[in-house]
file my_file00.pdb (PDB, C-alpha atoms)
MODEL        1
ATOM      1  CA  ARG A  30      -8.278 -64.112 -64.702
ATOM      2  CA  THR A  31      -8.501 -61.650 -67.253
ATOM      3  CA  LEU A  32      -9.823 -58.390 -68.070
ATOM      4  CA  THR A  33     -12.751 -59.862 -69.954
ATOM      5  CA  GLU A  34     -14.000 -61.980 -67.081
ATOM      6  CA  GLY A  35     -14.330 -58.970 -64.806
ATOM      7  CA  ASN A  36     -12.808 -60.782 -61.873
ATOM      8  CA  PHE A  37     -10.157 -58.511 -60.420
ATOM      9  CA  PRO A  38      -8.558 -59.184 -57.134
ATOM     10  CA  THR A  39      -8.128 -55.937 -55.285
ATOM     11  CA  ALA A  40      -5.881 -55.060 -52.527
ATOM     12  CA  ARG A  41      -5.883 -51.767 -50.912
ATOM     13  CA  VAL A  42      -3.140 -50.397 -48.762
ATOM     14  CA  ASP A  43      -3.627 -47.096 -46.995
ATOM     15  CA  LEU A  44      -0.804 -45.459 -45.288
ATOM     16  CA  ARG A  45      -1.634 -42.370 -43.349
ATOM     17  CA  LEU A  46       1.224 -40.469 -41.908
ATOM     18  CA  GLN A  47       0.669 -37.335 -39.821
ATOM     19  CA  LEU A  48       3.650 -35.359 -38.815
ATOM     20  CA  PRO A  49       2.706 -32.276 -36.904
ATOM     21  CA  LEU A  50       5.110 -29.721 -38.177
ATOM     22  CA  ARG A  51       3.882 -27.181 -35.650
ATOM     23  CA  ASN A  52       1.619 -27.539 -32.673
ATOM     24  CA  ARG A  53      -0.252 -24.284 -33.069
ATOM     25  CA  ALA A  54      -2.505 -24.830 -30.054
ATOM     26  CA  ALA A  55       0.471 -25.367 -27.763
ATOM     27  CA  GLU A  56       2.240 -22.353 -29.235
ATOM     28  CA  ALA A  57      -0.856 -20.213 -28.673
ATOM     29  CA  ASN A  58      -1.141 -21.432 -25.072
ATOM     30  CA  LEU A  59       2.533 -20.688 -24.484
ATOM     31  CA  ALA A  60       2.182 -17.199 -25.941
ATOM     32  CA  ALA A  61      -0.884 -16.550 -23.778
ATOM     33  CA  ALA A  62       0.961 -17.767 -20.675
ATOM     34  CA  ARG A  63       3.940 -15.530 -21.441
ATOM     35  CA  LEU A  64       1.671 -12.551 -21.995
ATOM     36  CA  GLN A  65      -0.099 -13.257 -18.727
ATOM     37  CA  ARG A  66       3.259 -13.510 -16.949
ATOM     38  CA  GLN A  67       4.282 -10.117 -18.370
ATOM     39  CA  GLN A  68       0.981  -8.621 -17.233
ATOM     40  CA  VAL A  69       1.445 -10.051 -13.738
ATOM     41  CA  ARG A  70       4.974  -8.649 -13.582
ATOM     42  CA  ALA A  71       3.745  -5.233 -14.746
ATOM     43  CA  ARG A  72       0.936  -5.292 -12.171
ATOM     44  CA  ARG A  73       3.387  -6.300  -9.455
ATOM     45  CA  ILE A  74       5.642  -3.374 -10.336
ATOM     46  CA  GLN A  75       2.632  -1.037 -10.188
ATOM     47  CA  VAL A  76       1.623  -2.389  -6.779
ATOM     48  CA  GLU A  77       5.191  -2.092  -5.469
ATOM     49  CA  GLN A  78       5.380   1.501  -6.682
ATOM     50  CA  ALA A  79       2.018   2.292  -5.096
ATOM     51  CA  ILE A  80       3.154   0.784  -1.785
ATOM     52  CA  GLU A  81       6.422   2.715  -1.939
ATOM     53  CA  ALA A  82       4.536   5.957  -2.582
ATOM     54  CA  GLN A  83       2.130   5.192   0.249
ATOM     55  CA  VAL A  84       5.009   4.562   2.672
ATOM     56  CA  ARG A  85       6.797   7.727   1.526
ATOM     57  CA  ASP A  86       3.606   9.756   2.007
ATOM     58  CA  ALA A  87       3.051   8.210   5.435
ATOM     59  CA  LEU A  88       6.627   9.053   6.472
ATOM     60  CA  GLN A  89       6.166  12.637   5.328
ATOM     61  CA  THR A  90       2.887  12.828   7.242
ATOM     62  CA  VAL A  91       4.640  11.587  10.403
ATOM     63  CA  ARG A  92       7.446  14.135   9.994
ATOM     64  CA  SER A  93       4.931  16.941   9.486
ATOM     65  CA  ALA A  94       2.847  15.808  12.453
ATOM     66  CA  ARG A  95       5.946  15.692  14.677
ATOM     67  CA  GLY A  96       6.846  19.198  13.569
ATOM     68  CA  ARG A  97       3.323  20.455  14.281
ATOM     69  CA  LEU A  98       3.386  18.774  17.688
ATOM     70  CA  GLY A  99       6.712  20.428  18.513
ATOM     71  CA  ALA A 100       5.363  23.819  17.487
ATOM     72  CA  ALA A 101       2.103  23.259  19.390
ATOM     73  CA  THR A 102       3.996  22.187  22.508
ATOM     74  CA  ALA A 103       6.193  25.278  22.324
ATOM     75  CA  ALA A 104       3.118  27.485  21.801
ATOM     76  CA  ARG A 105       1.340  25.880  24.766
ATOM     77  CA  SER A 106       4.403  26.307  26.942
ATOM     78  CA  SER A 107       4.639  29.954  25.952
ATOM     79  CA  ALA A 108       0.911  30.504  26.558
ATOM     80  CA  GLN A 109       1.264  28.802  29.953
ATOM     81  CA  ALA A 110       4.149  31.102  30.911
ATOM     82  CA  GLN A 111       2.229  34.197  29.730
ATOM     83  CA  TYR A 112      -0.886  33.158  31.642
ATOM     84  CA  GLU A 113       1.063  32.560  34.854
ATOM     85  CA  SER A 114       2.861  35.871  34.434
ATOM     86  CA  GLU A 115      -0.409  37.710  33.854
ATOM     87  CA  ARG A 116      -1.987  35.988  36.862
ATOM     88  CA  ARG A 117       0.954  37.009  39.093
ATOM     89  CA  GLN A 118       0.660  40.572  37.825
ATOM     90  CA  PHE A 119      -3.069  40.504  38.604
ATOM     91  CA  GLU A 120      -2.335  39.264  42.127
ATOM     92  CA  ALA A 121       0.163  42.092  42.475
ATOM     93  CA  GLY A 122      -2.480  44.537  41.289
ATOM     94  CA  THR A 123      -0.754  45.551  38.044
ATOM     95  CA  SER A 124      -3.105  43.741  35.618
ATOM     96  CA  THR A 125      -6.820  43.405  34.915
ATOM     97  CA  VAL A 126      -9.269  40.486  34.913
ATOM     98  CA  PHE A 127      -9.727  41.022  31.173
ATOM     99  CA  LEU A 128      -6.015  40.444  30.457
ATOM    100  CA  VAL A 129      -5.896  37.378  32.727
ATOM    101  CA  LEU A 130      -8.935  35.894  30.953
ATOM    102  CA  GLN A 131      -7.409  36.737  27.587
ATOM    103  CA  ARG A 132      -4.195  34.862  28.508
ATOM    104  CA  GLN A 133      -6.247  31.988  29.912
ATOM    105  CA  THR A 134      -8.230  31.722  26.660
ATOM    106  CA  ALA A 135      -4.977  31.724  24.689
ATOM    107  CA  LEU A 136      -3.661  28.947  26.943
ATOM    108  CA  VAL A 137      -6.787  26.799  26.483
ATOM    109  CA  THR A 138      -6.592  27.300  22.715
ATOM    110  CA  ALA A 139      -2.898  26.331  22.715
ATOM    111  CA  GLN A 140      -3.664  23.244  24.820
ATOM    112  CA  ALA A 141      -6.397  22.221  22.366
ATOM    113  CA  ARG A 142      -3.989  22.650  19.446
ATOM    114  CA  GLU A 143      -1.375  20.549  21.230
ATOM    115  CA  ILE A 144      -3.895  17.773  21.877
ATOM    116  CA  GLN A 145      -4.985  17.908  18.235
ATOM    117  CA  ALA A 146      -1.331  17.720  17.145
ATOM    118  CA  GLN A 147      -0.807  14.673  19.401
ATOM    119  CA  THR A 148      -3.880  13.039  17.855
ATOM    120  CA  ASP A 149      -2.662  13.841  14.352
ATOM    121  CA  LEU A 150       0.730  12.321  15.150
ATOM    122  CA  GLN A 151      -0.855   9.126  16.483
ATOM    123  CA  ASN A 152      -3.025   8.890  13.349
ATOM    124  CA  ALA A 153       0.034   9.445  11.140
ATOM    125  CA  LEU A 154       1.954   6.735  13.009
ATOM    126  CA  ALA A 155      -0.965   4.336  12.580
ATOM    127  CA  LEU A 156      -1.029   5.139   8.864
ATOM    128  CA  LEU A 157       2.706   4.471   8.643
ATOM    129  CA  ARG A 158       2.351   1.159  10.489
ATOM    130  CA  SER A 159      -0.435   0.217   8.127
ATOM    131  CA  ALA A 160       1.608   1.174   5.064
ATOM    132  CA  THR A 161       4.654  -0.790   6.203
ATOM    133  CA  GLY A 162       2.677  -3.784   7.439
ATOM    134  CA  GLU A 163       3.746  -3.333  11.058
ATOM    135  CA  ALA A 164       0.118  -3.200  12.139
ATOM    136  CA  LEU A 165      -0.193  -6.909  11.397
ATOM    137  CA  ASP A 166       2.791  -7.747  13.596
ATOM    138  CA  ARG A 167       1.757  -5.346  16.326
ATOM    139  CA  TRP A 168      -1.685  -6.949  16.674
ATOM    140  CA  ASN A 169      -0.403 -10.512  16.046
ATOM    141  CA  ILE A 170      -2.411 -10.925  12.871
ATOM    142  CA  ARG A 171      -1.216 -13.721  10.591
ATOM    143  CA  LEU A 172      -2.267 -13.901   6.966
ATOM    144  CA  GLN A 173      -2.603 -17.200   5.220
ATOM    145  CA  THR A 174      -0.046 -17.521   2.472
ATOM    146  CA  PRO A 175      -1.516 -18.499  -0.879
ATOM    147  CA  PRO A 176      -0.387 -21.803  -2.366
ATOM    148  CA  THR A 177       2.627 -21.488  -4.598
ATOM    149  CA  VAL A 178       2.024 -21.721  -8.313
ATOM    150  CA  PRO A 179       4.674 -23.394 -10.430
ATOM    151  CA  SER A 180       6.401 -20.906 -12.681
ATOM    152  CA  VAL A 181       6.274 -21.148 -16.432
ATOM    153  CA  GLY A 182       9.736 -21.851 -17.799
ATOM    154  CA  ALA A 183      11.215 -19.212 -20.051
ATOM    155  CA  ARG A 184      12.446 -20.065 -23.478
TER     156      ARG A 184
ENDMDL
END
call {"tool": "encode", "arguments": {"input": "my_file00.pdb", "output": "structure tokens"}}
result
Amino acid sequence: RTLTEGNFPTARVDLRLQLPLRNRAAEANLAAARLQRQQVRARRIQVEQAIEAQVRDALQTVRSARGRLGAATAARSSAQAQYESERRQFEAGTSTVFLVLQRQTALVTAQAREIQAQTDLQNALALLRSATGEALDRWNIRLQTPPTVPSVGAR
């Protein structure tokens, strides 16, 4: 067979070799997962700080409410003693109805302030229980735990 006859046997051999030097899609997914993990960690830190601040504020509110209750109790006790003293003086004839009623009004006002202080303390304690999660235990409330997610391995 010659060139002049135009009869050429052909053989074709293709060899295709793909070597992925870099898997860019996998690298992009890994980078996105790491970024998401960093964002989750940052968000968790923010939430922890917010919870800590909430608990600190609740503790301060409880301390203040206890102080106000102590002061209100002392004021009510003093108003009670003054009222009883004024009433005894009235019975002895050394005081007037006006002064007795004035002491009685002061006593009622002091009692109202003490009751308000007790209410404020109970509200502050409820806020503290809520902030620390004790409210769930106190009322036997159980939260469902979310399924665990496998962690992404670090490089």
call {"tool": "resolve_selection", "arguments": {"input": "my_file00.pdb", "expression": "the PyMOL selection byres ((chain A and resi 97) around 9)", "output": "number ranges by chain"}}
result
A: 92-96, 98-102, 143, 146-147, 149-150
call {"tool": "atom_distance", "arguments": {"input": "my_file00.pdb", "atom1": "atom CA of Arg72 of chain A", "atom2": "atom CA of Ala155 of chain A"}}
result
26.6 Å
call {"tool": "resolve_selection", "arguments": {"input": "my_file00.pdb", "expression": "the PyMOL selection byres ((chain A and resi 132) around 9)", "output": "list in words"}}
result
Ala108, Gln109, Gln111, Tyr112, Glu113, Glu115, Arg116, Phe127, Leu128, Val129, Leu130, Gln131, Gln133, Thr134, Ala135, Leu136 and Val137 of chain A
call {"tool": "resolve_selection", "arguments": {"input": "my_file00.pdb", "expression": "the PyMOL selection byres ((chain A and resi 161) around 10)", "output": "JSON list (two decimals) with C-alpha atoms, in the coordinates of the input"}}
result
[["chain", "number", "residue", "atom", "x", "y", "z"],
["A", 80, "ILE", "CA", 3.15, 0.78, -1.78],
["A", 81, "GLU", "CA", 6.42, 2.72, -1.94],
["A", 83, "GLN", "CA", 2.13, 5.19, 0.25],
["A", 84, "VAL", "CA", 5.01, 4.56, 2.67],
["A", 85, "ARG", "CA", 6.80, 7.73, 1.53],
["A", 87, "ALA", "CA", 3.05, 8.21, 5.44],
["A", 155, "ALA", "CA", -0.96, 4.34, 12.58],
["A", 156, "LEU", "CA", -1.03, 5.14, 8.86],
["A", 157, "LEU", "CA", 2.71, 4.47, 8.64],
["A", 158, "ARG", "CA", 2.35, 1.16, 10.49],
["A", 159, "SER", "CA", -0.44, 0.22, 8.13],
["A", 160, "ALA", "CA", 1.61, 1.17, 5.06],
["A", 162, "GLY", "CA", 2.68, -3.78, 7.44],
["A", 163, "GLU", "CA", 3.75, -3.33, 11.06],
["A", 164, "ALA", "CA", 0.12, -3.20, 12.14],
["A", 165, "LEU", "CA", -0.19, -6.91, 11.40]]
call {"tool": "closest_residue", "arguments": {"input": "my_file00.pdb", "among": "A:Leu64, A:Leu59, A:Ala103, A:Val126", "to": "Arg142 of chain A", "atoms": "all atoms listed in the file"}}
result
A:Ala103
call {"tool": "atom_distance", "arguments": {"input": "my_file00.pdb", "atom1": "atom CA of Asn52 of chain A", "atom2": "atom CA of Gln68 of chain A"}}
result
24.4 Å
call {"tool": "axis_aligned_box", "arguments": {"input": "my_file00.pdb", "around": "segment 113-123 of chain A", "padding_each_side": "5 Å", "output": "JSON"}}
result
{"center_x": -0.1, "center_y": 39.1, "center_z": 38.2, "size_x": 15.9, "size_y": 23.0, "size_z": 18.6}
